[in-house]
Structure formats: C-alpha cells, structure tokens
file work.txt (compact mmCIF, N, CA and C atoms)
# COMPACT_ATOMS: atom_id res chain seq x y z
N MET I 5 67.51 230.84 188.93
CA MET I 5 68.51 229.86 189.30
C MET I 5 69.54 230.47 190.25
N LEU I 6 69.96 231.71 190.00
CA LEU I 6 71.00 232.29 190.83
C LEU I 6 70.47 232.83 192.16
N ASN I 7 69.17 232.80 192.39
CA ASN I 7 68.67 233.24 193.69
C ASN I 7 68.71 232.13 194.72
N ASP I 8 68.95 230.91 194.28
CA ASP I 8 68.97 229.77 195.19
C ASP I 8 70.22 228.93 194.89
N ALA I 9 71.03 228.71 195.90
CA ALA I 9 72.28 227.96 195.72
C ALA I 9 72.13 226.49 196.07
N ALA I 10 70.91 226.00 196.19
CA ALA I 10 70.69 224.62 196.63
C ALA I 10 71.27 223.60 195.65
N CYS I 11 71.38 223.94 194.38
CA CYS I 11 71.89 222.97 193.40
C CYS I 11 73.42 222.95 193.34
N PHE I 12 74.09 223.81 194.12
CA PHE I 12 75.55 223.85 194.13
C PHE I 12 76.06 223.33 195.45
N SER I 13 77.12 222.49 195.39
CA SER I 13 77.69 221.97 196.63
C SER I 13 78.57 223.01 197.32
N ARG I 14 79.20 223.88 196.53
CA ARG I 14 80.03 224.96 197.07
C ARG I 14 79.86 226.20 196.21
N VAL I 15 79.96 227.37 196.87
CA VAL I 15 79.89 228.65 196.16
C VAL I 15 81.08 229.49 196.59
N TYR I 16 81.80 230.02 195.63
CA TYR I 16 82.95 230.89 195.89
C TYR I 16 82.75 232.20 195.16
N ILE I 17 83.18 233.30 195.78
CA ILE I 17 83.20 234.56 195.06
C ILE I 17 84.66 234.95 194.86
N VAL I 18 84.95 235.37 193.65
CA VAL I 18 86.29 235.86 193.31
C VAL I 18 86.24 237.36 193.56
N CYS I 19 86.85 237.79 194.66
CA CYS I 19 86.77 239.18 195.09
C CYS I 19 87.52 240.09 194.12
N GLY I 20 87.24 241.36 194.21
CA GLY I 20 87.87 242.34 193.34
C GLY I 20 87.04 242.52 192.08
N TYR I 21 87.58 243.30 191.18
CA TYR I 21 86.91 243.59 189.91
C TYR I 21 87.33 242.58 188.86
N THR I 22 86.36 242.12 188.07
CA THR I 22 86.64 241.23 186.96
C THR I 22 86.04 241.87 185.71
N ASP I 23 86.77 241.82 184.63
CA ASP I 23 86.26 242.32 183.36
C ASP I 23 85.21 241.32 182.88
N LEU I 24 83.95 241.73 182.89
CA LEU I 24 82.87 240.80 182.55
C LEU I 24 82.74 240.56 181.05
N ARG I 25 83.61 241.16 180.26
CA ARG I 25 83.66 240.80 178.84
C ARG I 25 84.38 239.47 178.67
N SER I 26 85.02 239.01 179.73
CA SER I 26 85.77 237.75 179.71
C SER I 26 84.82 236.57 179.49
N GLY I 27 85.32 235.60 178.77
CA GLY I 27 84.55 234.40 178.51
C GLY I 27 84.94 233.27 179.44
N ILE I 28 84.47 232.09 179.11
CA ILE I 28 84.66 230.92 179.95
C ILE I 28 86.14 230.62 180.20
N ASP I 29 86.94 230.61 179.15
CA ASP I 29 88.35 230.23 179.30
C ASP I 29 89.10 231.22 180.20
N THR I 30 88.85 232.50 180.03
CA THR I 30 89.52 233.51 180.86
C THR I 30 89.08 233.40 182.30
N LEU I 31 87.78 233.24 182.54
CA LEU I 31 87.29 233.12 183.91
C LEU I 31 87.84 231.85 184.58
N ALA I 32 87.92 230.76 183.83
CA ALA I 32 88.48 229.52 184.38
C ALA I 32 89.95 229.71 184.74
N SER I 33 90.69 230.45 183.93
CA SER I 33 92.10 230.69 184.25
C SER I 33 92.24 231.61 185.46
N ILE I 34 91.32 232.55 185.64
CA ILE I 34 91.34 233.41 186.83
C ILE I 34 91.12 232.57 188.08
N VAL I 35 90.19 231.63 188.01
CA VAL I 35 89.96 230.73 189.15
C VAL I 35 91.24 229.97 189.47
N GLY I 36 91.89 229.43 188.45
CA GLY I 36 93.12 228.69 188.65
C GLY I 36 94.23 229.54 189.26
N GLN I 37 94.36 230.78 188.79
CA GLN I 37 95.41 231.67 189.29
C GLN I 37 95.15 232.07 190.74
N LYS I 38 93.90 232.40 191.06
CA LYS I 38 93.61 232.92 192.40
C LYS I 38 93.47 231.84 193.46
N THR I 39 93.08 230.63 193.06
CA THR I 39 92.90 229.57 194.05
C THR I 39 94.04 228.57 194.06
N GLY I 40 94.78 228.48 192.97
CA GLY I 40 95.83 227.47 192.87
C GLY I 40 95.28 226.10 192.57
N ARG I 41 93.97 226.03 192.32
CA ARG I 41 93.31 224.75 192.01
C ARG I 41 92.72 224.81 190.61
N ARG I 42 92.46 223.68 190.06
CA ARG I 42 91.79 223.62 188.77
C ARG I 42 90.30 223.88 188.96
N PRO I 43 89.67 224.57 188.04
CA PRO I 43 88.26 224.95 188.22
C PRO I 43 87.26 223.86 187.83
N TYR I 44 87.72 222.61 187.76
CA TYR I 44 86.87 221.52 187.28
C TYR I 44 86.19 220.76 188.40
N ALA I 45 85.77 221.43 189.45
CA ALA I 45 85.06 220.78 190.54
C ALA I 45 83.56 220.79 190.22
N PRO I 46 82.94 219.63 190.06
CA PRO I 46 81.53 219.59 189.71
C PRO I 46 80.66 220.26 190.79
N ASP I 47 79.58 220.89 190.35
CA ASP I 47 78.60 221.52 191.22
C ASP I 47 79.20 222.62 192.10
N THR I 48 80.28 223.24 191.64
CA THR I 48 80.90 224.35 192.36
C THR I 48 80.72 225.60 191.53
N LEU I 49 80.13 226.61 192.14
CA LEU I 49 79.85 227.88 191.46
C LEU I 49 80.90 228.91 191.84
N TYR I 50 81.52 229.52 190.85
CA TYR I 50 82.46 230.63 191.04
C TYR I 50 81.78 231.89 190.52
N LEU I 51 81.70 232.92 191.35
CA LEU I 51 81.04 234.17 190.97
C LEU I 51 82.05 235.28 190.76
N PHE I 52 81.80 236.13 189.77
CA PHE I 52 82.66 237.25 189.42
C PHE I 52 81.79 238.50 189.29
N CYS I 53 82.35 239.66 189.63
CA CYS I 53 81.61 240.91 189.55
C CYS I 53 82.47 241.97 188.88
N GLY I 54 81.84 242.81 188.06
CA GLY I 54 82.55 243.89 187.39
C GLY I 54 82.54 245.17 188.21
N ARG I 55 83.04 246.25 187.64
CA ARG I 55 83.14 247.53 188.34
C ARG I 55 81.79 248.15 188.66
N ARG I 56 80.82 247.98 187.81
CA ARG I 56 79.52 248.61 188.02
C ARG I 56 78.72 247.95 189.15
N SER I 57 79.06 246.74 189.48
CA SER I 57 78.44 245.98 190.58
C SER I 57 76.95 245.71 190.39
N ASP I 58 76.45 245.88 189.18
CA ASP I 58 75.04 245.58 188.95
C ASP I 58 74.86 244.29 188.15
N ARG I 59 75.98 243.63 187.86
CA ARG I 59 75.90 242.36 187.13
C ARG I 59 77.01 241.43 187.59
N ILE I 60 76.70 240.15 187.54
CA ILE I 60 77.68 239.14 187.93
C ILE I 60 77.67 238.02 186.89
N LYS I 61 78.78 237.30 186.84
CA LYS I 61 78.86 236.09 186.04
C LYS I 61 79.19 234.94 186.96
N GLY I 62 78.65 233.79 186.62
CA GLY I 62 78.93 232.57 187.37
C GLY I 62 79.49 231.51 186.44
N LEU I 63 80.42 230.73 186.96
CA LEU I 63 81.05 229.66 186.18
C LEU I 63 80.90 228.36 186.94
N VAL I 64 80.38 227.34 186.26
CA VAL I 64 80.15 226.02 186.87
C VAL I 64 80.65 224.95 185.92
N TRP I 65 81.40 223.98 186.46
CA TRP I 65 81.80 222.82 185.68
C TRP I 65 80.74 221.75 185.84
N GLU I 66 80.22 221.20 184.73
CA GLU I 66 79.14 220.21 184.78
C GLU I 66 79.55 218.85 184.25
N ARG I 67 80.76 218.43 184.45
CA ARG I 67 81.31 217.13 184.05
C ARG I 67 81.49 216.96 182.54
N ASP I 68 80.72 217.68 181.73
CA ASP I 68 80.90 217.59 180.28
C ASP I 68 81.25 218.94 179.67
N GLY I 69 81.39 219.96 180.50
CA GLY I 69 81.73 221.29 180.01
C GLY I 69 81.33 222.35 181.02
N PHE I 70 81.69 223.57 180.72
CA PHE I 70 81.37 224.69 181.61
C PHE I 70 80.00 225.27 181.28
N LEU I 71 79.37 225.79 182.32
CA LEU I 71 78.13 226.54 182.18
C LEU I 71 78.45 227.96 182.63
N LEU I 72 78.12 228.95 181.81
CA LEU I 72 78.36 230.34 182.13
C LEU I 72 77.02 231.00 182.43
N LEU I 73 76.89 231.56 183.62
CA LEU I 73 75.66 232.21 184.05
C LEU I 73 75.89 233.72 184.11
N TYR I 74 74.87 234.50 183.83
CA TYR I 74 75.00 235.95 183.83
C TYR I 74 73.74 236.54 184.46
N LYS I 75 73.92 237.44 185.40
CA LYS I 75 72.77 238.08 186.03
C LYS I 75 73.00 239.58 186.06
N ARG I 76 71.99 240.34 185.62
CA ARG I 76 72.05 241.80 185.66
C ARG I 76 70.87 242.30 186.47
N LEU I 77 71.14 243.15 187.44
CA LEU I 77 70.08 243.75 188.24
C LEU I 77 69.52 244.95 187.50
N GLU I 78 68.22 245.09 187.49
CA GLU I 78 67.60 246.25 186.87
C GLU I 78 67.71 247.48 187.78
N GLN I 79 67.68 247.24 189.08
CA GLN I 79 67.85 248.32 190.05
C GLN I 79 68.74 247.81 191.18
N GLY I 80 69.59 248.67 191.70
CA GLY I 80 70.44 248.30 192.82
C GLY I 80 71.77 247.73 192.37
N ARG I 81 72.56 247.35 193.36
CA ARG I 81 73.91 246.84 193.12
C ARG I 81 74.22 245.71 194.10
N PHE I 82 75.14 244.86 193.70
CA PHE I 82 75.64 243.83 194.60
C PHE I 82 76.69 244.45 195.51
N ILE I 83 76.69 244.06 196.78
CA ILE I 83 77.73 244.50 197.72
C ILE I 83 78.84 243.46 197.61
N TRP I 84 79.92 243.84 196.95
CA TRP I 84 80.96 242.88 196.58
C TRP I 84 82.28 243.20 197.26
N PRO I 85 82.91 242.22 197.93
CA PRO I 85 84.24 242.44 198.53
C PRO I 85 85.26 242.74 197.43
N ARG I 86 86.10 243.73 197.65
CA ARG I 86 87.01 244.18 196.59
C ARG I 86 88.47 243.84 196.83
N ASN I 87 88.77 242.98 197.81
CA ASN I 87 90.15 242.57 198.03
C ASN I 87 90.57 241.67 196.86
N GLU I 88 91.44 242.18 196.02
CA GLU I 88 91.81 241.51 194.77
C GLU I 88 92.38 240.10 194.96
N ALA I 89 93.04 239.85 196.06
CA ALA I 89 93.77 238.59 196.23
C ALA I 89 92.90 237.47 196.79
N GLU I 90 91.64 237.72 197.09
CA GLU I 90 90.84 236.74 197.81
C GLU I 90 89.85 235.99 196.93
N VAL I 91 89.62 234.77 197.32
CA VAL I 91 88.49 233.98 196.85
C VAL I 91 87.83 233.48 198.12
N LYS I 92 86.56 233.83 198.31
CA LYS I 92 85.87 233.48 199.55
C LYS I 92 84.83 232.40 199.30
N SER I 93 84.75 231.50 200.25
CA SER I 93 83.71 230.48 200.23
C SER I 93 82.48 231.07 200.92
N LEU I 94 81.31 230.84 200.34
CA LEU I 94 80.07 231.37 200.91
C LEU I 94 79.20 230.26 201.46
N THR I 95 78.54 230.55 202.56
CA THR I 95 77.51 229.65 203.06
C THR I 95 76.23 229.93 202.28
N ALA I 96 75.24 229.08 202.44
CA ALA I 96 73.95 229.29 201.77
C ALA I 96 73.33 230.62 202.22
N GLN I 97 73.46 230.94 203.50
CA GLN I 97 72.92 232.21 204.02
C GLN I 97 73.63 233.41 203.40
N GLN I 98 74.96 233.35 203.33
CA GLN I 98 75.72 234.45 202.74
C GLN I 98 75.36 234.62 201.25
N PHE I 99 75.14 233.51 200.56
CA PHE I 99 74.75 233.59 199.16
C PHE I 99 73.40 234.29 199.02
N ARG I 100 72.43 233.95 199.88
CA ARG I 100 71.13 234.61 199.86
C ARG I 100 71.28 236.11 200.12
N TRP I 101 72.11 236.45 201.11
CA TRP I 101 72.34 237.87 201.40
C TRP I 101 72.90 238.59 200.18
N LEU I 102 73.88 237.98 199.52
CA LEU I 102 74.49 238.58 198.35
C LEU I 102 73.45 238.82 197.24
N MET I 103 72.63 237.81 196.98
CA MET I 103 71.62 237.93 195.93
C MET I 103 70.52 238.94 196.29
N GLU I 104 70.35 239.21 197.59
CA GLU I 104 69.36 240.20 198.03
C GLU I 104 69.94 241.60 198.11
N GLY I 105 71.22 241.75 197.74
CA GLY I 105 71.85 243.06 197.76
C GLY I 105 72.43 243.45 199.11
N LEU I 106 72.57 242.49 199.99
CA LEU I 106 73.13 242.75 201.31
C LEU I 106 74.61 242.37 201.34
N THR I 107 75.30 242.79 202.37
CA THR I 107 76.69 242.42 202.54
C THR I 107 76.77 240.98 203.04
N ILE I 108 77.84 240.27 202.66
CA ILE I 108 77.97 238.87 203.08
C ILE I 108 78.54 238.75 204.49
N GLU I 109 79.05 239.85 205.01
CA GLU I 109 79.60 239.85 206.37
C GLU I 109 78.84 240.87 207.20
N PRO I 110 77.90 240.41 208.01
CA PRO I 110 77.11 241.36 208.79
C PRO I 110 77.98 242.17 209.75
N LYS I 111 77.63 243.43 209.89
CA LYS I 111 78.38 244.31 210.77
C LYS I 111 78.19 243.91 212.23
N LYS I 112 77.01 243.49 212.54
CA LYS I 112 76.68 243.15 213.91
C LYS I 112 75.75 241.94 213.88
N SER I 113 75.98 240.99 214.73
CA SER I 113 75.10 239.83 214.76
C SER I 113 74.67 239.56 216.20
N VAL I 114 73.59 238.86 216.31
CA VAL I 114 73.06 238.50 217.62
C VAL I 114 73.71 237.19 218.03
N HIS I 115 74.27 237.17 219.23
CA HIS I 115 74.94 235.98 219.74
C HIS I 115 74.07 235.31 220.79
N PRO I 116 74.09 233.98 220.87
CA PRO I 116 73.32 233.30 221.91
C PRO I 116 73.85 233.67 223.30
N VAL I 117 72.95 233.72 224.23
CA VAL I 117 73.30 234.11 225.59
C VAL I 117 72.93 232.96 226.53
N THR I 118 73.79 232.70 227.47
CA THR I 118 73.49 231.70 228.51
C THR I 118 72.63 232.38 229.55
N PRO I 119 71.48 231.82 229.87
CA PRO I 119 70.61 232.47 230.84
C PRO I 119 71.26 232.48 232.25
N PRO I 120 71.03 233.57 232.99
CA PRO I 120 71.61 233.64 234.34
C PRO I 120 70.92 232.66 235.28
N GLU I 121 71.63 232.24 236.28
CA GLU I 121 71.04 231.36 237.29
C GLU I 121 70.51 232.23 238.43
N PHE I 122 69.27 232.06 238.74
CA PHE I 122 68.65 232.82 239.81
C PHE I 122 68.54 231.97 241.06
N LEU I 123 68.85 232.54 242.18
CA LEU I 123 68.70 231.85 243.44
C LEU I 123 67.38 232.25 244.07
N ALA I 124 66.60 231.28 244.51
CA ALA I 124 65.30 231.60 245.09
C ALA I 124 65.34 231.58 246.59

call {"tool": "encode", "arguments": {"input": "work.txt", "output": "structure tokens"}}
result
Amino acid sequence: MLNDAACFSRVYIVCGYTDLRSGIDTLASIVGQKTGRRPYAPDTLYLFCGRRSDRIKGLVWERDGFLLLYKRLEQGRFIWPRNEAEVKSLTAQQFRWLMEGLTIEPKKSVHPVTPPEFLA
C-alpha cells in the first residue's frame, strides 16, 4: 500500500525526527502544531520518520477514524529531510522516489531545450 500513493489525494512528509513510539493522537497533534491545520483531511497521508531512517509511520483520516500505517525496511534507509520546522507536500513522483530510497529533491535534472533554428 505504501509503495503507491494513488489512493491518496495529497501526501505530506513531516520533516525532522519523530519518535515512532508515538501513537495516533500524538502524531495528529504534531501535524496540527507543524501545519497549523487540523489533521482531519480525508485521503491525506502524513508521513513521519524516526532517527534510524529505516522505518516510517503514516497517518490518514478516513472520515470515521484514523488509520496508522507502519513500514520497516529490511535493508537500506529512507532519505529523509531533517529540517525540523517543515512539512513538505510531495508529488506522486517524489513519493515513489522516497519509497525507492532516493532523495525527493534531485541534485540535477534534465531540462527541456528549445531546438536551435538552422538557416539553410
């Protein structure tokens, strides 16, 4: 489920370290503190990562209650932004990169080029 974000309308990562012993109520209050919004947006996934970076928790409001998701990698680590004050919105591509163990912000990208005009 966490390898594909198609079932979520929005995905946010709560940057920095989060104590993954925290439960639903604590994670929901963290979302409220860091975003200034209530965490009750349907089909919105909030992701949290601990210090070890090999496991994440996800929090989703489903109109009748919260769903808590947990993923642990057997090998490797998630590349997680550590700016404590940020909550970042992810595109579907960035979410795939994150789940594949890549950084969500590529160091270098290929930009479209306008072809030159040749005179004959």

call {"tool": "residues_near_point", "arguments": {"input": "work.txt", "point": "(91.5, 231.1, 198.6)", "cutoff": "7 Å", "atoms": "all atoms listed in the file", "output": "PDB file with N, CA and C atoms, in the coordinates of the input"}}
result
ATOM      1  N   LYS I  38      93.900 232.400 191.060  1.00  0.00           N
ATOM      2  CA  LYS I  38      93.610 232.920 192.400  1.00  0.00           C
ATOM      3  C   LYS I  38      93.470 231.840 193.460  1.00  0.00           C
ATOM      4  N   THR I  39      93.080 230.630 193.060  1.00  0.00           N
ATOM      5  CA  THR I  39      92.900 229.570 194.050  1.00  0.00           C
ATOM      6  C   THR I  39      94.040 228.570 194.060  1.00  0.00           C
ATOM      7  N   ALA I  89      93.040 239.850 196.060  1.00  0.00           N
ATOM      8  CA  ALA I  89      93.770 238.590 196.230  1.00  0.00           C
ATOM      9  C   ALA I  89      92.900 237.470 196.790  1.00  0.00           C
ATOM     10  N   GLU I  90      91.640 237.720 197.090  1.00  0.00           N
ATOM     11  CA  GLU I  90      90.840 236.740 197.810  1.00  0.00           C
ATOM     12  C   GLU I  90      89.850 235.990 196.930  1.00  0.00           C
ATOM     13  N   VAL I  91      89.620 234.770 197.320  1.00  0.00           N
ATOM     14  CA  VAL I  91      88.490 233.980 196.850  1.00  0.00           C
ATOM     15  C   VAL I  91      87.830 233.480 198.120  1.00  0.00           C
ATOM     16  N   LYS I  92      86.560 233.830 198.310  1.00  0.00           N
ATOM     17  CA  LYS I  92      85.870 233.480 199.550  1.00  0.00           C
ATOM     18  C   LYS I  92      84.830 232.400 199.300  1.00  0.00           C
ATOM     19  N   SER I  93      84.750 231.500 200.250  1.00  0.00           N
ATOM     20  CA  SER I  93      83.710 230.480 200.230  1.00  0.00           C
ATOM     21  C   SER I  93      82.480 231.070 200.920  1.00  0.00           C
TER      22      SER I  93
END

call {"tool": "residues_around", "arguments": {"input": "work.txt", "residues": "I:Pro85", "least_positions_apart": "6", "cutoff": "7 Å", "atoms": "all atoms listed in the file", "output": "ChimeraX atom specification"}}
result
/I:18-21

call {"tool": "atom_distance", "arguments": {"input": "work.txt", "atom1": "atom CA of I:Gly54", "atom2": "atom CA of I:Asp29"}}
result
16.9 Å

call {"tool": "atom_distance", "arguments": {"input": "work.txt", "atom1": "atom CA of I:Arg59", "atom2": "atom CA of I:Ile108"}}
result
16.5 Å

call {"tool": "atom_distance", "arguments": {"input": "work.txt", "atom1": "atom CA of I:Leu31", "atom2": "atom CA of I:Val64"}}
result
10.5 Å

call {"tool": "select_by_dssp", "arguments": {"input": "work.txt", "residues": "chain I", "states": "alpha helix (DSSP H)", "output": "list of chain:residue names"}}
result
I:Ile28, I:Asp29, I:Thr30, I:Leu31, I:Ala32, I:Ser33, I:Ile34, I:Val35, I:Gly36, I:Gln37, I:Lys38, I:Thr39, I:Ala96, I:Gln97, I:Gln98, I:Phe99, I:Arg100, I:Trp101, I:Leu102, I:Met103

call {"tool": "closest_residue", "arguments": {"input": "work.txt", "among": "I:Ala10, I:Leu77, I:Ala32, I:Leu24", "to": "I:Cys53", "atoms": "all atoms listed in the file"}}
result
I:Leu24

call {"tool": "closest_residue", "arguments": {"input": "work.txt", "among": "I:Glu121, I:Glu88, I:Glu78, I:Asp23", "to": "I:Asp58", "atoms": "only N, CA and C atoms"}}
result
I:Glu78

call {"tool": "closest_residue", "arguments": {"input": "work.txt", "among": "I:Ile28, I:Leu106, I:Ile17, I:Cys11", "to": "I:Asn87", "atoms": "only C-alpha atoms"}}
result
I:Ile17

call {"tool": "residues_near_point", "arguments": {"input": "work.txt", "point": "(74.7, 247.3, 190.4)", "cutoff": "9 Å", "atoms": "only C-alpha atoms", "output": "list in words"}}
result
Arg55, Arg56, Ser57, Asp58, Arg59, Arg76, Leu77, Glu78, Gln79, Gly80, Arg81, Phe82, Ile83 and Gly105 of chain I

call {"tool": "select_by_dssp", "arguments": {"input": "work.txt", "residues": "chain I", "states": "strand (DSSP E)", "output": "count of residues only"}}
result
29

call {"tool": "closest_residue", "arguments": {"input": "work.txt", "among": "I:Phe70, I:Leu94, I:Ser13, I:Gly27", "to": "I:Pro46", "atoms": "all atoms listed in the file"}}
result
I:Ser13

call {"tool": "closest_residue", "arguments": {"input": "work.txt", "among": "I:Trp65, I:Ile60, I:Leu102, I:Pro119", "to": "I:Ala45", "atoms": "only N, CA and C atoms"}}
result
I:Trp65

call {"tool": "closest_residue", "arguments": {"input": "work.txt", "among": "I:Thr95, I:Lys61, I:Met103, I:Tyr16", "to": "I:Thr48", "atoms": "only N, CA and C atoms"}}
result
I:Tyr16
